[in-house]
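Asks: To start, I am sharing the structure in question, which I have written as structure tokens.
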Amino acid sequence: ADARFFFDKDRREPLASRVEALRAIVYHNKLGTLADRMERLRFLARNIGPRIGADHGLSDRAAQLAKADLVTDMVGEFPELQGTMGRYYAIHDGEAPQVADAIAQHYWPRHAGDALPEAPVAQAVALADKLETLAGLFGIGALPTGDKDPFGLRRHAIGVIRVLIERSLPVALPDLLAAAWRAFAAVPSVAPAEADLESFIYERLRAYLREAGYS
């Protein structure tokens with residue numbers, strides 16, 4: 001009954017109208033608000049999308065709406081539905097199917113063996129989301145230590161690797177990392193840590209390849 005109430009209430013406002021509310025939510029005290037993060041996702045999705053066959057405009061729109069469901073009543077009550085509800089609300093609002101799917105799938109893969117984003121727009125936003133997280137947190141020195149990885153950076157790195165390899169995307173990792181650092185050009189607290197982040201991702205790649213049976 002609660003879910004039905006929240007679902008019906010949320011749909012009274014278009015998902016796009018909630019983007020403004022992201023300005024009031026701090027993502028990280030050194031990285032700005034969720035609205036700041038959303039703008040970086042848009043920059044990266046527009047940069048990545050055309051390289052992998054995704055429509056420029058749809059990639060931008062999907063990145064703009066990707067986090068909007070975080071301020072809905074439904075996701076506030078059931079956080080595990082982030083992305084899932086955004087897709088339902090986008091469909092209800094008449095957004096393009098590729099945009100709606102990308103809102104849900106940009107979180108993929110969420111864990112080992114999870115599904116990968118299916119179409120180019122979703123892949124572009126998924127890569128943007130993971131690269132923005134990695135560059136931002138490496139840039140402020142919030143690196144994993146030992147078994148502690150509170151921001152899931154190892155999972156994000158593996159996600160980037162899996163999307164690139166298993167979806168056979170024709171884009172080079174160094175180019176993606178360069179774009180990620182450019183997204184933070186106007187954030188003074190972020191010091192580009194290119195070598196550290198690249199080494200971190202290649203360590204994950206070694207583990208990925210070993211598990212796949214390579215020497």
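Order determines the names: the first chain of the structure tokens is A, the second B, and so forth; residues in each chain are numbered 1 upward, and ligands are numbered 1 upward as they are shown.
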List the spatial neighbours of Phe6 (chain A) as a PDB file with N, CA, C and O atoms, in the first residue's frame - criterion: any atom at most 12 Å away, only C-alpha atoms, same-chain residues fewer than 6 positions off excluded.
Replies:
```
ATOM      1  N   ARG A  12       2.880  12.327 -10.394  1.00  0.00           N
ATOM      2  CA  ARG A  12       2.220  13.614 -10.617  1.00  0.00           C
ATOM      3  C   ARG A  12       3.193  14.671 -11.117  1.00  0.00           C
ATOM      4  O   ARG A  12       2.771  15.683 -11.696  1.00  0.00           O
ATOM      5  N   GLU A  13       4.496  14.463 -10.868  1.00  0.00           N
ATOM      6  CA  GLU A  13       5.517  15.393 -11.338  1.00  0.00           C
ATOM      7  C   GLU A  13       6.418  14.686 -12.344  1.00  0.00           C
ATOM      8  O   GLU A  13       6.853  13.561 -12.085  1.00  0.00           O
ATOM      9  N   VAL A  71      15.436  11.673  -5.674  1.00  0.00           N
ATOM     10  CA  VAL A  71      14.641  12.599  -4.860  1.00  0.00           C
ATOM     11  C   VAL A  71      13.150  12.295  -4.946  1.00  0.00           C
ATOM     12  O   VAL A  71      12.327  13.114  -4.544  1.00  0.00           O
ATOM     13  N   THR A  72      12.790  11.123  -5.446  1.00  0.00           N
ATOM     14  CA  THR A  72      11.383  10.709  -5.426  1.00  0.00           C
ATOM     15  C   THR A  72      11.050  10.080  -4.084  1.00  0.00           C
ATOM     16  O   THR A  72      11.932   9.607  -3.364  1.00  0.00           O
ATOM     17  N   ASP A  73       9.766  10.071  -3.760  1.00  0.00           N
ATOM     18  CA  ASP A  73       9.330   9.457  -2.492  1.00  0.00           C
ATOM     19  C   ASP A  73       9.582   7.955  -2.496  1.00  0.00           C
ATOM     20  O   ASP A  73       9.942   7.374  -1.479  1.00  0.00           O
ATOM     21  N   MET A  74       9.391   7.327  -3.657  1.00  0.00           N
ATOM     22  CA  MET A  74       9.553   5.871  -3.731  1.00  0.00           C
ATOM     23  C   MET A  74      10.988   5.462  -3.416  1.00  0.00           C
ATOM     24  O   MET A  74      11.228   4.557  -2.594  1.00  0.00           O
ATOM     25  N   VAL A  75      11.951   6.110  -4.054  1.00  0.00           N
ATOM     26  CA  VAL A  75      13.343   5.746  -3.815  1.00  0.00           C
ATOM     27  C   VAL A  75      13.787   6.199  -2.423  1.00  0.00           C
ATOM     28  O   VAL A  75      14.626   5.554  -1.795  1.00  0.00           O
ATOM     29  N   GLY A  76      13.198   7.280  -1.926  1.00  0.00           N
ATOM     30  CA  GLY A  76      13.492   7.688  -0.557  1.00  0.00           C
ATOM     31  C   GLY A  76      13.103   6.611   0.444  1.00  0.00           C
ATOM     32  O   GLY A  76      13.793   6.396   1.453  1.00  0.00           O
ATOM     33  N   GLU A  77      12.012   5.924   0.158  1.00  0.00           N
ATOM     34  CA  GLU A  77      11.536   4.858   1.057  1.00  0.00           C
ATOM     35  C   GLU A  77      12.200   3.525   0.743  1.00  0.00           C
ATOM     36  O   GLU A  77      12.467   2.726   1.644  1.00  0.00           O
ATOM     37  N   PHE A  78      12.462   3.268  -0.532  1.00  0.00           N
ATOM     38  CA  PHE A  78      13.061   1.993  -0.970  1.00  0.00           C
ATOM     39  C   PHE A  78      14.303   2.282  -1.816  1.00  0.00           C
ATOM     40  O   PHE A  78      14.242   2.245  -3.058  1.00  0.00           O
ATOM     41  N   MET A  85      13.042   2.711 -10.587  1.00  0.00           N
ATOM     42  CA  MET A  85      11.894   3.624 -10.582  1.00  0.00           C
ATOM     43  C   MET A  85      12.090   4.745 -11.600  1.00  0.00           C
ATOM     44  O   MET A  85      11.130   5.189 -12.235  1.00  0.00           O
ATOM     45  N   TYR A  89       9.302   5.946 -14.306  1.00  0.00           N
ATOM     46  CA  TYR A  89       8.805   7.322 -14.381  1.00  0.00           C
ATOM     47  C   TYR A  89       9.133   7.942 -15.744  1.00  0.00           C
ATOM     48  O   TYR A  89       8.331   8.710 -16.288  1.00  0.00           O
TER      49      TYR A  89
END
```
Asks: Quick check for you: according to DSSP on this backbone, which residues of region 106-136 of chain A are classed as alpha helix (DSSP H)? Reply as a PyMOL selection string.
Replies: chain A and resi 120-136
Asks: Those same residues - C-alpha atoms - I'd like them written as a compact mmCIF listing (two decimals), in the first residue's frame.
Replies:
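Writing done, so here's part_29.txt:
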```txt
# COMPACT_ATOMS: atom_id res chain seq x y z
CA PRO A 120 24.87 2.21 -26.63
CA VAL A 121 23.09 5.02 -24.73
CA ALA A 122 22.96 2.92 -21.55
CA GLN A 123 26.59 1.88 -22.03
CA ALA A 124 27.66 5.51 -22.43
CA VAL A 125 25.94 6.61 -19.23
CA ALA A 126 27.17 3.54 -17.33
CA LEU A 127 30.76 4.28 -18.32
CA ALA A 128 30.27 7.96 -17.47
CA ASP A 129 28.92 7.09 -14.02
CA LYS A 130 31.77 4.74 -13.17
CA LEU A 131 34.54 6.92 -14.60
CA GLU A 132 33.24 10.02 -12.82
CA THR A 133 33.20 8.15 -9.52
CA LEU A 134 36.70 6.78 -10.01
CA ALA A 135 38.29 10.05 -11.14
CA GLY A 136 36.59 12.15 -8.48
```
Asks: Identify, on the basis of only C-alpha atoms, every residue whose closest approach to region 33-39 of chain A does not exceed 8 Å; exclude the query and any residue fewer than 2 positions from it along the same chain; express the result as a compact mmCIF listing (two decimals) with N, CA, C and O atoms, in the first residue's frame.
Replies:
```
# COMPACT_ATOMS: atom_id res chain seq x y z
N VAL A 19 15.12 17.34 -11.37
CA VAL A 19 16.56 17.55 -11.53
C VAL A 19 17.03 18.73 -10.68
O VAL A 19 18.10 18.69 -10.06
N GLU A 20 16.22 19.79 -10.62
CA GLU A 20 16.61 20.98 -9.86
C GLU A 20 16.85 20.66 -8.38
O GLU A 20 17.71 21.27 -7.74
N LEU A 22 18.30 18.26 -7.13
CA LEU A 22 19.63 17.68 -6.90
C LEU A 22 20.63 18.73 -6.43
O LEU A 22 21.66 18.39 -5.85
N ARG A 23 20.33 20.01 -6.69
CA ARG A 23 21.24 21.08 -6.27
C ARG A 23 21.30 21.23 -4.75
O ARG A 23 22.25 21.81 -4.22
N ALA A 24 20.31 20.72 -4.08
CA ALA A 24 20.25 20.86 -2.62
C ALA A 24 20.85 19.67 -1.87
O ALA A 24 20.86 19.65 -0.64
N ILE A 25 21.36 18.68 -2.62
CA ILE A 25 21.88 17.47 -1.98
C ILE A 25 23.38 17.38 -2.21
O ILE A 25 23.84 17.37 -3.35
N VAL A 26 24.14 17.34 -1.12
CA VAL A 26 25.59 17.24 -1.23
C VAL A 26 25.97 15.81 -1.59
O VAL A 26 25.58 14.86 -0.90
N TYR A 27 26.72 15.66 -2.66
CA TYR A 27 27.24 14.35 -3.05
C TYR A 27 28.46 14.03 -2.21
O TYR A 27 28.57 12.96 -1.61
N HIS A 28 29.42 14.96 -2.16
CA HIS A 28 30.62 14.82 -1.35
C HIS A 28 31.11 16.24 -1.07
O HIS A 28 31.07 17.09 -1.97
N ASN A 29 31.58 16.49 0.15
CA ASN A 29 31.93 17.88 0.49
C ASN A 29 33.07 18.43 -0.36
O ASN A 29 33.24 19.64 -0.45
N LEU A 31 33.41 17.35 -3.64
CA LEU A 31 33.03 17.13 -5.04
C LEU A 31 31.72 17.79 -5.42
O LEU A 31 31.24 17.63 -6.54
N LEU A 41 28.40 13.93 -15.41
CA LEU A 41 27.91 12.76 -16.14
C LEU A 41 27.46 13.15 -17.54
O LEU A 41 27.72 12.42 -18.51
N ARG A 42 26.80 14.28 -17.67
CA ARG A 42 26.37 14.75 -19.00
C ARG A 42 27.57 14.99 -19.89
O ARG A 42 27.58 14.59 -21.06
N PHE A 43 28.59 15.65 -19.36
CA PHE A 43 29.81 15.91 -20.14
C PHE A 43 30.42 14.60 -20.65
O PHE A 43 30.77 14.48 -21.82
N ALA A 63 21.82 11.02 -19.15
CA ALA A 63 22.71 11.41 -18.04
C ALA A 63 22.06 12.49 -17.18
O ALA A 63 22.23 12.51 -15.96
N GLN A 64 21.30 13.38 -17.81
CA GLN A 64 20.62 14.44 -17.06
C GLN A 64 19.59 13.86 -16.09
O GLN A 64 19.41 14.36 -14.97
N ALA A 66 19.51 10.60 -15.00
CA ALA A 66 19.94 9.35 -14.38
C ALA A 66 19.78 9.34 -12.87
O ALA A 66 19.47 8.30 -12.27
N LYS A 67 19.99 10.49 -12.22
CA LYS A 67 19.94 10.54 -10.75
C LYS A 67 18.67 11.20 -10.22
O LYS A 67 18.51 11.35 -9.01
N GLU A 132 33.36 8.83 -13.65
CA GLU A 132 33.24 10.02 -12.82
C GLU A 132 33.50 9.69 -11.36
O GLU A 132 34.19 10.44 -10.66
```
Asks: Applying 12 Å and only C-alpha atoms, which residues near His111 (chain A) remain after dropping the ones on its own chain fewer than 3 positions away? List them as a list in words.
Replies: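 Contacts, in chain order: Tyr107, Trp108, Asp114, Ala115, Leu116, Gly152, Leu153, Arg154, Arg155, His156, Ala157, Ile158, Gly159 and Arg162 of chain A.
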Asks: Given the choices A:Leu81, A:Arg110, A:Ile140, A:Arg11, which gets closest to Val187 (chain A) if the distance is worked out from only C-alpha atoms?
Replies: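 When distances to Val187 (chain A) are compared using only C-alpha atoms, the smallest one comes from A:Ile140.
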Asks: Within 9 Å of Ile161 (chain A), counting only C-alpha atoms, which residues show up once you throw out same-chain ones fewer than 3 positions away? Write them as a list in words, please.
Replies: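 After dropping sequence-adjacent residues, the list is His156, Ala157, Ile158, Leu164, Ile165, Glu166, Leu173, Ile201, Arg204, Leu205 and Tyr208 of chain A.
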Asks: Those same residues, written as a PDB file, in the first residue's frame with N, CA and C atoms?
Replies:
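Wrote it out as again_28.pdb, contents follow:
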```pdb
ATOM      1  N   HIS A 156      33.517  -0.513  -9.481  1.00  0.00           N
ATOM      2  CA  HIS A 156      33.386   0.414 -10.608  1.00  0.00           C
ATOM      3  C   HIS A 156      34.445   0.134 -11.664  1.00  0.00           C
ATOM      4  N   ALA A 157      35.675  -0.133 -11.228  1.00  0.00           N
ATOM      5  CA  ALA A 157      36.744  -0.408 -12.197  1.00  0.00           C
ATOM      6  C   ALA A 157      36.461  -1.678 -12.982  1.00  0.00           C
ATOM      7  N   ILE A 158      36.028  -2.725 -12.290  1.00  0.00           N
ATOM      8  CA  ILE A 158      35.663  -3.966 -12.975  1.00  0.00           C
ATOM      9  C   ILE A 158      34.494  -3.715 -13.927  1.00  0.00           C
ATOM     10  N   LEU A 164      33.667  -2.503 -21.508  1.00  0.00           N
ATOM     11  CA  LEU A 164      34.528  -2.300 -22.677  1.00  0.00           C
ATOM     12  C   LEU A 164      34.827  -3.607 -23.392  1.00  0.00           C
ATOM     13  N   ILE A 165      35.177  -4.651 -22.620  1.00  0.00           N
ATOM     14  CA  ILE A 165      35.596  -5.909 -23.224  1.00  0.00           C
ATOM     15  C   ILE A 165      34.400  -6.730 -23.717  1.00  0.00           C
ATOM     16  N   GLU A 166      33.431  -6.935 -22.844  1.00  0.00           N
ATOM     17  CA  GLU A 166      32.350  -7.861 -23.164  1.00  0.00           C
ATOM     18  C   GLU A 166      31.337  -7.268 -24.147  1.00  0.00           C
ATOM     19  N   LEU A 173      40.814   2.877 -23.314  1.00  0.00           N
ATOM     20  CA  LEU A 173      40.709   3.252 -21.906  1.00  0.00           C
ATOM     21  C   LEU A 173      41.432   4.569 -21.607  1.00  0.00           C
ATOM     22  N   ILE A 201      43.132   0.420 -12.329  1.00  0.00           N
ATOM     23  CA  ILE A 201      42.257  -0.263 -13.283  1.00  0.00           C
ATOM     24  C   ILE A 201      42.986  -1.438 -13.933  1.00  0.00           C
ATOM     25  N   ARG A 204      42.925  -4.428 -11.761  1.00  0.00           N
ATOM     26  CA  ARG A 204      41.641  -5.120 -11.869  1.00  0.00           C
ATOM     27  C   ARG A 204      41.579  -5.910 -13.181  1.00  0.00           C
ATOM     28  N   LEU A 205      42.157  -5.362 -14.233  1.00  0.00           N
ATOM     29  CA  LEU A 205      42.175  -6.057 -15.520  1.00  0.00           C
ATOM     30  C   LEU A 205      42.967  -7.363 -15.411  1.00  0.00           C
ATOM     31  N   TYR A 208      40.808  -9.811 -13.727  1.00  0.00           N
ATOM     32  CA  TYR A 208      39.730 -10.206 -14.639  1.00  0.00           C
ATOM     33  C   TYR A 208      40.235 -11.237 -15.644  1.00  0.00           C
TER      34      TYR A 208
END
```
Asks: Here is a test: counting only C-alpha atoms, which residue of A:Pro188, A:Gly49, A:Gly86, A:Gly32 is nearest to Leu15 (chain A)?
Replies: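 Using only C-alpha atoms, the shortest distance to Leu15 (chain A) belongs to A:Gly86.
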Asks: Pick from A:Leu177, A:Pro192, A:Ala185, A:Gln82: nearest to Arg40 (chain A), with only C-alpha atoms counted?
Replies: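 Once distances to Arg40 (chain A) are computed over only C-alpha atoms, the minimum belongs to A:Ala185.
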Asks: With only C-alpha atoms as the counted atoms, please give the residues lying no more than 12 Å from Glu95 (chain A), apart from itself and same-chain residues fewer than 4 positions off, as a list of chain:residue names.
Replies: A:Pro14, A:Leu15, A:Ala16, A:Leu58, A:Arg61, A:Ala62, A:Leu65, A:Gly86, A:Arg87, A:Tyr88, A:Tyr89, A:Ala90, A:Ile91, A:Val99, A:Ala100, A:Asp101, A:Ala102, A:Ile103
